[in-house]
$ cat structure-v6.cif   # mmCIF, C-alpha atoms
data_input
#
loop_
_atom_site.label_atom_id
_atom_site.label_comp_id
_atom_site.auth_asym_id
_atom_site.auth_seq_id
_atom_site.Cartn_x
_atom_site.Cartn_y
_atom_site.Cartn_z
CA MET B 30 -0.39 98.91 -68.45
CA GLN B 31 1.34 99.04 -65.05
CA ARG B 32 3.27 95.94 -64.14
CA PRO B 33 2.11 94.32 -60.88
CA LYS B 34 4.48 94.61 -57.97
CA LYS B 35 6.20 91.61 -56.50
CA PRO B 36 4.46 90.30 -53.37
CA MET B 37 7.34 91.37 -51.12
CA PRO B 38 9.56 94.48 -51.21
CA PRO B 39 13.31 93.85 -51.70
CA LEU B 40 14.82 92.36 -48.55
CA ASN B 41 17.88 94.65 -48.54
CA ALA B 42 15.64 97.70 -48.74
CA LEU B 43 13.56 96.46 -45.81
CA ARG B 44 16.68 95.81 -43.73
CA ALA B 45 18.08 99.26 -44.52
CA PHE B 46 14.85 101.03 -43.55
CA GLU B 47 14.36 98.98 -40.38
CA ALA B 48 17.89 99.69 -39.15
CA ALA B 49 17.79 103.39 -40.04
CA ALA B 50 14.37 103.88 -38.47
CA ARG B 51 15.16 101.92 -35.32
CA LEU B 52 18.51 103.67 -34.80
CA GLN B 53 17.26 107.02 -36.18
CA SER B 54 20.51 107.39 -38.04
CA LEU B 55 21.82 106.48 -41.47
CA THR B 56 25.35 106.39 -40.07
CA LYS B 57 24.50 103.95 -37.27
CA ALA B 58 22.49 101.84 -39.70
CA SER B 59 25.43 101.64 -42.10
CA GLU B 60 27.70 100.52 -39.26
CA GLU B 61 25.25 97.82 -38.18
CA LEU B 62 24.75 96.53 -41.72
CA PHE B 63 28.44 96.87 -42.75
CA VAL B 64 27.63 99.02 -45.80
CA THR B 65 28.17 102.67 -46.65
CA GLN B 66 25.80 105.40 -45.55
CA GLY B 67 25.05 106.09 -49.19
CA ALA B 68 24.01 102.48 -49.73
CA VAL B 69 21.56 102.67 -46.82
CA SER B 70 20.09 105.91 -48.15
CA GLN B 71 19.74 104.42 -51.62
CA GLN B 72 17.97 101.32 -50.30
CA VAL B 73 15.54 103.43 -48.24
CA LYS B 74 14.69 105.53 -51.31
CA LEU B 75 14.21 102.30 -53.30
CA LEU B 76 11.73 101.06 -50.69
CA GLU B 77 9.86 104.36 -50.71
CA GLU B 78 9.57 104.20 -54.49
CA TYR B 79 8.38 100.62 -54.29
CA LEU B 80 5.74 101.43 -51.68
CA GLY B 81 4.76 104.68 -53.34
CA ALA B 82 4.90 106.57 -50.06
CA PRO B 83 7.52 108.47 -48.04
CA LEU B 84 8.80 106.77 -44.88
CA PHE B 85 11.03 109.59 -43.65
CA THR B 86 10.88 113.36 -43.67
CA ARG B 87 14.38 114.78 -44.03
CA LYS B 88 14.98 118.07 -42.23
CA SER B 89 18.41 119.45 -41.50
CA ARG B 90 19.99 116.01 -41.95
CA LYS B 91 17.76 114.63 -39.24
CA LEU B 92 15.59 111.59 -39.96
CA GLN B 93 12.01 111.77 -38.84
CA LEU B 94 9.55 108.98 -39.49
CA THR B 95 6.30 109.68 -41.25
CA ASP B 96 3.10 108.22 -39.80
CA LEU B 97 3.30 105.34 -42.29
CA GLY B 98 6.96 104.76 -41.49
CA ARG B 99 6.24 104.78 -37.76
CA SER B 100 3.50 102.16 -38.25
CA TYR B 101 5.67 100.01 -40.52
CA LEU B 102 8.74 99.91 -38.23
CA PRO B 103 7.49 97.60 -35.41
CA VAL B 104 6.23 95.08 -37.96
CA LEU B 105 9.65 94.83 -39.59
CA THR B 106 11.56 94.88 -36.29
CA GLN B 107 9.49 91.95 -35.02
CA ALA B 108 9.90 90.05 -38.29
CA PHE B 109 13.70 90.41 -38.34
CA SER B 110 13.87 89.58 -34.64
CA ASN B 111 11.90 86.38 -35.24
CA MET B 112 14.16 85.41 -38.13
CA ARG B 113 17.29 85.95 -36.06
CA ALA B 114 15.93 83.99 -33.12
CA SER B 115 14.74 81.11 -35.29
CA THR B 116 18.04 80.96 -37.18
CA GLN B 117 20.00 80.84 -33.94
CA GLU B 118 17.68 78.26 -32.41
CA LEU B 119 17.71 75.93 -35.41
CA PHE B 120 21.25 76.24 -36.69
CA ASP B 121 23.55 77.62 -34.00
CA THR B 122 24.68 74.51 -32.16
CA SER B 123 28.15 75.74 -31.24
CA HIS B 124 27.31 76.19 -27.55
CA GLN B 125 24.72 73.47 -27.00
CA PRO B 126 24.63 70.40 -29.28
CA VAL B 127 21.17 69.46 -30.55
CA LEU B 128 20.06 65.84 -30.33
CA GLN B 129 17.46 65.26 -33.02
CA ILE B 130 15.10 62.36 -32.31
CA LYS B 131 12.29 61.08 -34.50
CA SER B 132 9.68 58.88 -32.87
CA GLY B 133 6.29 57.39 -33.44
CA THR B 134 3.58 59.59 -31.95
CA THR B 135 2.29 56.99 -29.52
CA PHE B 136 5.71 55.95 -28.20
CA ALA B 137 6.62 59.60 -27.68
CA GLN B 138 3.37 60.46 -25.92
CA ARG B 139 3.02 57.35 -23.76
CA TRP B 140 6.63 56.59 -22.87
CA LEU B 141 9.38 58.97 -24.00
CA VAL B 142 8.12 62.46 -23.14
CA GLU B 143 7.56 61.84 -19.43
CA ARG B 144 11.10 60.46 -19.12
CA LEU B 145 12.93 63.20 -21.03
CA PRO B 146 13.43 65.35 -17.89
CA LYS B 147 15.54 62.52 -16.46
CA PHE B 148 17.71 62.50 -19.57
CA MET B 149 18.10 66.28 -19.45
CA ALA B 150 19.04 66.12 -15.77
CA LYS B 151 21.79 63.65 -16.63
CA TYR B 152 22.93 65.41 -19.82
CA PRO B 153 22.11 69.13 -19.46
CA GLU B 154 24.61 70.01 -22.18
CA TYR B 155 22.22 68.84 -24.91
CA ARG B 156 19.14 70.34 -26.48
CA VAL B 157 16.56 67.76 -27.52
CA ARG B 158 14.57 68.27 -30.71
CA LEU B 159 11.76 65.71 -30.88
CA LYS B 160 9.93 65.08 -34.13
CA THR B 161 6.97 62.73 -34.29
CA SER B 162 5.27 60.81 -37.05
CA VAL B 163 2.12 58.72 -37.09
CA TRP B 164 3.75 56.09 -39.28
CA PRO B 165 7.54 56.37 -38.89
CA ASN B 166 9.28 53.94 -41.21
CA GLY B 167 13.02 54.47 -40.82
CA GLU B 168 13.38 55.73 -44.40
CA SER B 169 14.14 59.35 -43.43
CA VAL B 170 16.54 58.60 -40.58
CA ASP B 171 19.33 60.51 -42.32
CA GLY B 172 17.56 63.76 -41.38
CA VAL B 173 17.88 63.08 -37.64
CA ASP B 174 20.34 61.55 -35.20
CA LEU B 175 18.20 58.52 -34.46
CA GLU B 176 14.70 57.19 -34.89
CA ILE B 177 12.48 55.07 -32.66
CA CYS B 178 9.93 53.55 -34.95
CA HIS B 179 7.41 50.78 -35.13
CA GLY B 180 7.78 48.37 -38.00
CA TYR B 181 9.02 45.03 -39.18
CA GLY B 182 12.79 45.56 -39.12
CA ASP B 183 13.24 45.92 -42.86
CA PHE B 184 15.10 49.22 -42.75
CA SER B 185 17.78 49.24 -45.43
CA GLY B 186 20.92 51.33 -45.18
CA SER B 187 20.62 51.79 -41.41
CA LEU B 188 21.78 50.27 -38.14
CA VAL B 189 18.77 48.54 -36.59
CA GLN B 190 18.05 47.03 -33.17
CA ARG B 191 14.68 45.85 -31.91
CA ILE B 192 13.92 47.09 -28.42
CA ILE B 193 10.27 46.15 -27.82
CA LYS B 194 8.48 42.93 -28.81
CA GLU B 195 4.73 42.83 -28.33
CA HIS B 196 1.51 40.84 -28.54
CA TRP B 197 -1.88 41.84 -29.88
CA GLN B 198 -4.49 42.01 -27.13
CA VAL B 199 -8.23 42.66 -27.15
CA VAL B 200 -9.25 45.27 -24.59
CA ALA B 201 -12.24 47.43 -23.76
CA SER B 202 -13.45 49.77 -21.05
CA PRO B 203 -15.27 48.33 -18.02
CA GLU B 204 -18.39 50.26 -19.08
CA PHE B 205 -18.26 48.72 -22.54
CA MET B 206 -17.93 45.23 -21.07
CA GLU B 207 -21.02 45.79 -18.95
CA LYS B 208 -22.96 46.92 -22.00
CA TYR B 209 -21.66 44.11 -24.25
CA PRO B 210 -21.13 40.97 -22.10
CA GLY B 211 -19.90 37.67 -23.51
CA SER B 212 -16.82 38.91 -25.37
CA HIS B 213 -15.00 35.68 -24.44
CA GLN B 214 -17.22 33.99 -27.04
CA LEU B 215 -15.92 34.71 -30.53
CA ASP B 216 -19.36 34.68 -32.12
CA ARG B 217 -20.45 37.33 -29.62
CA LEU B 218 -17.28 39.40 -29.90
CA ILE B 219 -17.47 39.70 -33.67
CA GLU B 220 -20.91 41.26 -33.38
CA MET B 221 -19.67 44.02 -31.08
CA PRO B 222 -18.32 47.42 -32.19
CA LEU B 223 -14.65 46.84 -32.99
CA ILE B 224 -11.79 49.33 -33.17
CA SER B 225 -8.78 48.76 -35.42
CA ILE B 226 -5.49 50.59 -35.92
CA MET B 227 -4.49 51.30 -39.51
CA GLY B 228 -1.05 50.66 -40.98
CA TYR B 229 -0.30 47.16 -39.68
CA ARG B 230 -0.07 43.84 -41.52
CA GLU B 231 -1.90 42.12 -38.68
CA GLY B 232 -5.42 42.93 -37.61
CA TRP B 233 -8.73 41.50 -36.50
CA HIS B 234 -8.77 39.06 -39.42
CA SER B 235 -5.40 37.63 -38.29
CA TRP B 236 -6.50 37.47 -34.67
CA PHE B 237 -9.72 35.56 -35.46
CA GLY B 238 -7.86 33.43 -38.04
CA GLU B 239 -5.35 32.14 -35.47
CA GLN B 240 -8.30 30.76 -33.55
CA GLY B 241 -9.57 28.79 -36.50
CA LEU B 242 -12.00 31.32 -37.96
CA VAL B 243 -9.98 31.77 -41.14
CA GLU B 244 -12.91 32.55 -43.43
CA LEU B 245 -14.33 35.11 -41.05
CA GLN B 246 -14.27 38.70 -42.25
CA PRO B 247 -14.80 40.89 -39.19
CA MET B 248 -16.09 44.38 -39.97
CA THR B 249 -14.60 47.06 -37.76
CA SER B 250 -16.84 49.93 -36.75
CA PHE B 251 -14.03 52.39 -36.02
CA GLU B 252 -10.52 52.89 -37.39
CA SER B 253 -7.71 55.18 -36.28
CA ASP B 254 -4.36 56.01 -37.85
CA ASN B 255 -2.59 56.11 -34.48
CA THR B 256 -2.64 53.99 -31.34
CA THR B 257 -3.11 56.86 -28.90
CA MET B 258 -6.39 57.85 -30.51
CA ALA B 259 -7.53 54.23 -30.68
CA ILE B 260 -6.83 53.78 -26.96
CA ASP B 261 -8.74 56.98 -26.20
CA MET B 262 -11.67 55.60 -28.19
CA ALA B 263 -11.56 52.31 -26.27
CA GLU B 264 -11.38 54.10 -22.92
CA ALA B 265 -14.41 56.17 -23.96
CA GLY B 266 -16.38 52.96 -24.50
CA VAL B 267 -16.58 53.27 -28.28
CA GLY B 268 -15.67 49.63 -28.91
CA ALA B 269 -13.33 46.71 -28.26
CA LEU B 270 -9.78 47.42 -29.40
CA LEU B 271 -7.18 45.07 -30.85
CA GLY B 272 -3.98 46.77 -29.75
CA LEU B 273 -0.35 46.14 -28.97
CA SER B 274 0.60 45.13 -25.45
CA GLY B 275 3.38 47.69 -25.11
CA HIS B 276 0.93 50.55 -25.38
CA LEU B 277 -1.86 48.84 -23.42
CA TYR B 278 0.16 48.04 -20.30
CA GLU B 279 -0.53 51.31 -18.49
CA PRO B 280 -4.30 51.58 -19.16
CA LEU B 281 -4.67 47.92 -18.15
CA GLN B 282 -2.71 48.54 -14.95
CA ASN B 283 -4.79 51.53 -13.90
CA GLY B 284 -8.08 49.90 -14.82
CA ARG B 285 -9.14 52.26 -17.58
CA LEU B 286 -9.16 49.20 -19.85
CA ILE B 287 -9.62 45.50 -19.14
CA LYS B 288 -9.01 42.42 -21.25
CA ALA B 289 -12.06 41.60 -23.30
CA HIS B 290 -10.62 38.24 -24.42
CA GLU B 291 -7.73 36.19 -23.08
CA TYR B 292 -6.21 35.14 -26.40
CA GLU B 293 -3.05 37.07 -27.35
CA MET B 294 -1.51 36.98 -30.81
CA GLU B 295 2.23 37.40 -31.21
CA ALA B 296 3.01 40.53 -33.20
CA GLU B 297 5.29 40.36 -36.21
CA CYS B 298 6.10 44.02 -35.73
CA GLY B 299 7.97 45.74 -32.92
CA HIS B 300 9.67 48.93 -31.83
CA TYR B 301 13.09 49.46 -33.35
CA LEU B 302 15.97 51.76 -32.67
CA VAL B 303 17.17 52.93 -36.09
CA LEU B 304 20.42 54.83 -36.60
CA PRO B 305 21.95 56.31 -39.74
CA ASN B 306 24.71 54.15 -41.14
CA ARG B 307 27.51 56.53 -40.19
CA PRO B 308 29.98 56.94 -37.30
CA MET B 309 28.10 57.45 -34.06
CA THR B 310 28.47 60.63 -32.05
CA ALA B 311 28.79 60.77 -28.27
CA LYS B 312 25.37 62.39 -27.87
CA VAL B 313 23.65 59.53 -29.74
CA ASP B 314 25.57 56.93 -27.77
CA ASN B 315 24.66 58.64 -24.49
CA PHE B 316 20.96 58.84 -25.37
CA CYS B 317 20.73 55.24 -26.55
CA ARG B 318 22.44 53.88 -23.45
CA TRP B 319 20.15 55.98 -21.24
CA MET B 320 17.03 54.89 -23.12
CA LEU B 321 17.89 51.19 -22.90
CA GLU B 322 18.44 51.54 -19.17
CA GLU B 323 14.97 53.11 -18.87
CA LEU B 324 13.46 50.33 -20.97
CA GLU B 325 14.67 47.70 -18.51
CA GLN B 326 11.37 48.22 -16.66
CA HIS B 327 9.25 47.98 -19.81
CA PRO B 328 6.98 44.89 -19.74
CA CYS B 329 7.65 44.16 -23.42
CA LYS B 330 11.39 44.84 -23.54
CA ASP B 331 13.26 42.82 -26.14
CA ASN B 332 16.96 43.12 -26.97
CA LEU B 333 18.46 45.74 -24.68
CA ASP B 334 22.11 44.85 -25.23
CA TRP B 335 23.68 47.96 -26.70
CA ASN B 336 25.33 46.38 -29.72
CA LEU B 337 25.35 49.40 -32.01
CA SER B 338 27.73 51.47 -29.87
CA LEU B 339 30.90 53.28 -30.84
#

$ encode --input "structure-v6.cif" --output "structure tokens"
Amino acid sequence: MQRPKKPMPPLNALRAFEAAARLQSLTKASEELFVTQGAVSQQVKLLEEYLGAPLFTRKSRKLQLTDLGRSYLPVLTQAFSNMRASTQELFDTSHQPVLQIKSGTTFAQRWLVERLPKFMAKYPEYRVRLKTSVWPNGESVDGVDLEICHGYGDFSGSLVQRIIKEHWQVVASPEFMEKYPGSHQLDRLIEMPLISIMGYREGWHSWFGEQGLVELQPMTSFESDNTTMAIDMAEAGVGALLGLSGHLYEPLQNGRLIKAHEYEMEAECGHYLVLPNRPMTAKVDNFCRWMLEELEQHPCKDNLDWNLSL
């Protein structure tokens, strides 16, 4: 019984064939790969045996690709080119330091991204690598230079500073308010379609409870795992949203949303700047100082004194 082949041919054999075929010379391939000409020839023969088909025709010491070899070459050339480019992009930071930032999806989309060009204009020597997470929690901050996350400040083993303090607000689209009037009355509001955001300790039950309706169990019609989607749902007239003021400021300002009820509940949670508990680099210090300057105009800014600096 014939043994099944491995899913991929040997990498060294692929590299030897790709170089020899692209350069049309075993000698030039050996120089590029820093091996002997005999080693290149041996690896090419190994690949041909593996594939069960000739890749070269050898006439008078001149290499000539077969039809199969000619078809195979551009696939391998592109693959090795992609690997080289990706390796350089991800790991070669000798010429341009990479600043790795992890952020909550909503904060990145609604605040950070549109301001990054200003940071790059001030610090063109950096490359910014932005990673996002629906529920960032500060636990994986060691994999990046810094994290901007929403939570309750209980991030162990890290340097932590709260930057945004918020309130819970009830908002809806103007069209929704026309369709469902009387939201200022709690008994009317609870009967309306309600939108909630998953992952928080506070919610509609807390909001109604602070107004004396402790035993009330509001049933939300729609739930979302991120604030951006919940805001989009509210703007589309899906329901009334209980959301955080820091994210609702812009849609309230431009009129896409309006307050459906005046009561605001103080949020236990907030946005935090979380840094690994290690000596700070200049690039992190520069970004944090720049970000706190930008946050001076934020309506929910909290502690913007840079007390985690070098």

$ closest_residue --input "structure-v6.cif" --among "B:Glu279, B:Glu252, B:Glu204, B:Glu47" --to "Gln107 in chain B" --atoms "all atoms listed in the file"
B:Glu47

$ resolve_selection --input "structure-v6.cif" --expression "the PyMOL selection byres ((chain B and resi 292) around 8)" --output "PyMOL selection string"
chain B and resi 198-199+290-291+293-294

$ write_last_selection --input "structure-v6.cif" --atoms "C-alpha atoms" --output "JSON list (two decimals), in the frame of the given file"
[["chain", "number", "residue", "atom", "x", "y", "z"],
["B", 198, "GLN", "CA", -4.49, 42.01, -27.13],
["B", 199, "VAL", "CA", -8.23, 42.66, -27.15],
["B", 290, "HIS", "CA", -10.62, 38.24, -24.42],
["B", 291, "GLU", "CA", -7.73, 36.19, -23.08],
["B", 293, "GLU", "CA", -3.05, 37.07, -27.35],
["B", 294, "MET", "CA", -1.51, 36.98, -30.81]]

$ closest_residue --input "structure-v6.cif" --among "B:Lys151, B:Leu270, B:Pro210, B:His300" --to "Leu324 in chain B" --atoms "all atoms listed in the file"
B:His300

$ residues_around --input "structure-v6.cif" --residues "Arg318 in chain B" --least-positions-apart "6" --cutoff "10 Å" --atoms "all atoms listed in the file" --output "list in words"
Leu324, Leu333, Asp334, Trp335 and Ser338 of chain B

$ resolve_selection --input "structure-v6.cif" --expression "the PyMOL selection byres ((chain B and resi 191) around 10)" --output "ChimeraX atom specification"
/B:177-182,189-190,192-194,298-303,330-333

$ residues_around --input "structure-v6.cif" --residues "His276 in chain B" --least-positions-apart "2" --cutoff "9 Å" --atoms "only C-alpha atoms" --output "PyMOL selection string"
chain B and resi 135-136+139-140+256-257+260+272-274+278-280

$ resolve_selection --input "structure-v6.cif" --expression "the PyMOL selection byres ((chain B and resi 262-266) around 6)" --output "list in words"
Ala201, Ser202, Phe205, Ala259, Ile260, Asp261, Val267 and Gly268 of chain B

$ residues_around --input "structure-v6.cif" --residues "Pro153 in chain B" --least-positions-apart "6" --cutoff "12 Å" --atoms "only C-alpha atoms" --output "PyMOL selection string"
chain B and resi 124-128+145-147+312+315-316

$ atom_distance --input "structure-v6.cif" --atom1 "CA of Pro38 in chain B" --atom2 "CA of Tyr79 in chain B"
7.0 Å

$ atom_distance --input "structure-v6.cif" --atom1 "CA of Cys329 in chain B" --atom2 "CA of Ser235 in chain B"
20.8 Å

$ atom_distance --input "structure-v6.cif" --atom1 "CA of Arg113 in chain B" --atom2 "CA of Glu78 in chain B"
27.1 Å

$ axis_aligned_box --input "structure-v6.cif" --around "range 42-47 of chain B" --padding-each-side "3 Å" --output "AutoDock Vina command-line options"
--center_x 15.8 --center_y 98.4 --center_z -44.6 --size_x 10.5 --size_y 11.2 --size_z 14.4

$ residues_around --input "structure-v6.cif" --residues "Met248 in chain B" --least-positions-apart "4" --cutoff "12 Å" --atoms "all atoms listed in the file" --output "ChimeraX atom specification"
/B:218-225,232-234,237,252

$ closest_residue --input "structure-v6.cif" --among "B:Pro103, B:Gly241, B:Pro308, B:Pro36" --to "Leu215 in chain B" --atoms "only C-alpha atoms"
B:Gly241

$ decode --input "structure-v6.cif" --residues "range 136-148 of chain B" --atoms "N, CA, C and O atoms" --output "PDB file, in the first residue's frame"
ATOM      1  N   PHE B 136     -14.167  52.616  20.669  1.00  0.00           N
ATOM      2  CA  PHE B 136     -13.269  53.753  20.907  1.00  0.00           C
ATOM      3  C   PHE B 136     -12.388  53.988  19.682  1.00  0.00           C
ATOM      4  O   PHE B 136     -12.158  55.137  19.280  1.00  0.00           O
ATOM      5  N   ALA B 137     -11.911  52.903  19.084  1.00  0.00           N
ATOM      6  CA  ALA B 137     -11.072  53.046  17.891  1.00  0.00           C
ATOM      7  C   ALA B 137     -11.862  53.646  16.735  1.00  0.00           C
ATOM      8  O   ALA B 137     -11.398  54.577  16.066  1.00  0.00           O
ATOM      9  N   GLN B 138     -13.062  53.144  16.504  1.00  0.00           N
ATOM     10  CA  GLN B 138     -13.850  53.595  15.366  1.00  0.00           C
ATOM     11  C   GLN B 138     -14.359  55.014  15.542  1.00  0.00           C
ATOM     12  O   GLN B 138     -14.382  55.791  14.591  1.00  0.00           O
ATOM     13  N   ARG B 139     -14.797  55.368  16.746  1.00  0.00           N
ATOM     14  CA  ARG B 139     -15.492  56.636  16.952  1.00  0.00           C
ATOM     15  C   ARG B 139     -14.612  57.754  17.488  1.00  0.00           C
ATOM     16  O   ARG B 139     -15.057  58.894  17.559  1.00  0.00           O
ATOM     17  N   TRP B 140     -13.364  57.431  17.862  1.00  0.00           N
ATOM     18  CA  TRP B 140     -12.509  58.514  18.362  1.00  0.00           C
ATOM     19  C   TRP B 140     -11.081  58.425  17.823  1.00  0.00           C
ATOM     20  O   TRP B 140     -10.563  59.384  17.256  1.00  0.00           O
ATOM     21  N   LEU B 141     -10.442  57.278  17.969  1.00  0.00           N
ATOM     22  CA  LEU B 141      -9.004  57.195  17.719  1.00  0.00           C
ATOM     23  C   LEU B 141      -8.638  57.276  16.243  1.00  0.00           C
ATOM     24  O   LEU B 141      -7.725  58.033  15.868  1.00  0.00           O
ATOM     25  N   VAL B 142      -9.314  56.513  15.396  1.00  0.00           N
ATOM     26  CA  VAL B 142      -8.889  56.382  14.002  1.00  0.00           C
ATOM     27  C   VAL B 142      -8.838  57.728  13.283  1.00  0.00           C
ATOM     28  O   VAL B 142      -7.874  58.034  12.573  1.00  0.00           O
ATOM     29  N   GLU B 143      -9.839  58.554  13.461  1.00  0.00           N
ATOM     30  CA  GLU B 143      -9.870  59.827  12.744  1.00  0.00           C
ATOM     31  C   GLU B 143      -8.799  60.789  13.228  1.00  0.00           C
ATOM     32  O   GLU B 143      -8.490  61.778  12.542  1.00  0.00           O
ATOM     33  N   ARG B 144      -8.193  60.522  14.378  1.00  0.00           N
ATOM     34  CA  ARG B 144      -7.148  61.403  14.910  1.00  0.00           C
ATOM     35  C   ARG B 144      -5.741  60.869  14.660  1.00  0.00           C
ATOM     36  O   ARG B 144      -4.762  61.591  14.873  1.00  0.00           O
ATOM     37  N   LEU B 145      -5.625  59.628  14.222  1.00  0.00           N
ATOM     38  CA  LEU B 145      -4.297  59.051  14.005  1.00  0.00           C
ATOM     39  C   LEU B 145      -3.457  59.826  12.984  1.00  0.00           C
ATOM     40  O   LEU B 145      -2.235  59.906  13.145  1.00  0.00           O
ATOM     41  N   PRO B 146      -4.058  60.375  11.911  1.00  0.00           N
ATOM     42  CA  PRO B 146      -3.217  61.168  10.996  1.00  0.00           C
ATOM     43  C   PRO B 146      -2.494  62.323  11.692  1.00  0.00           C
ATOM     44  O   PRO B 146      -1.372  62.669  11.313  1.00  0.00           O
ATOM     45  N   LYS B 147      -3.086  62.910  12.707  1.00  0.00           N
ATOM     46  CA  LYS B 147      -2.437  63.983  13.447  1.00  0.00           C
ATOM     47  C   LYS B 147      -1.230  63.455  14.212  1.00  0.00           C
ATOM     48  O   LYS B 147      -0.190  64.119  14.294  1.00  0.00           O
ATOM     49  N   PHE B 148      -1.385  62.261  14.785  1.00  0.00           N
ATOM     50  CA  PHE B 148      -0.248  61.658  15.491  1.00  0.00           C
ATOM     51  C   PHE B 148       0.877  61.350  14.514  1.00  0.00           C
ATOM     52  O   PHE B 148       2.050  61.614  14.796  1.00  0.00           O
TER      53      PHE B 148
END
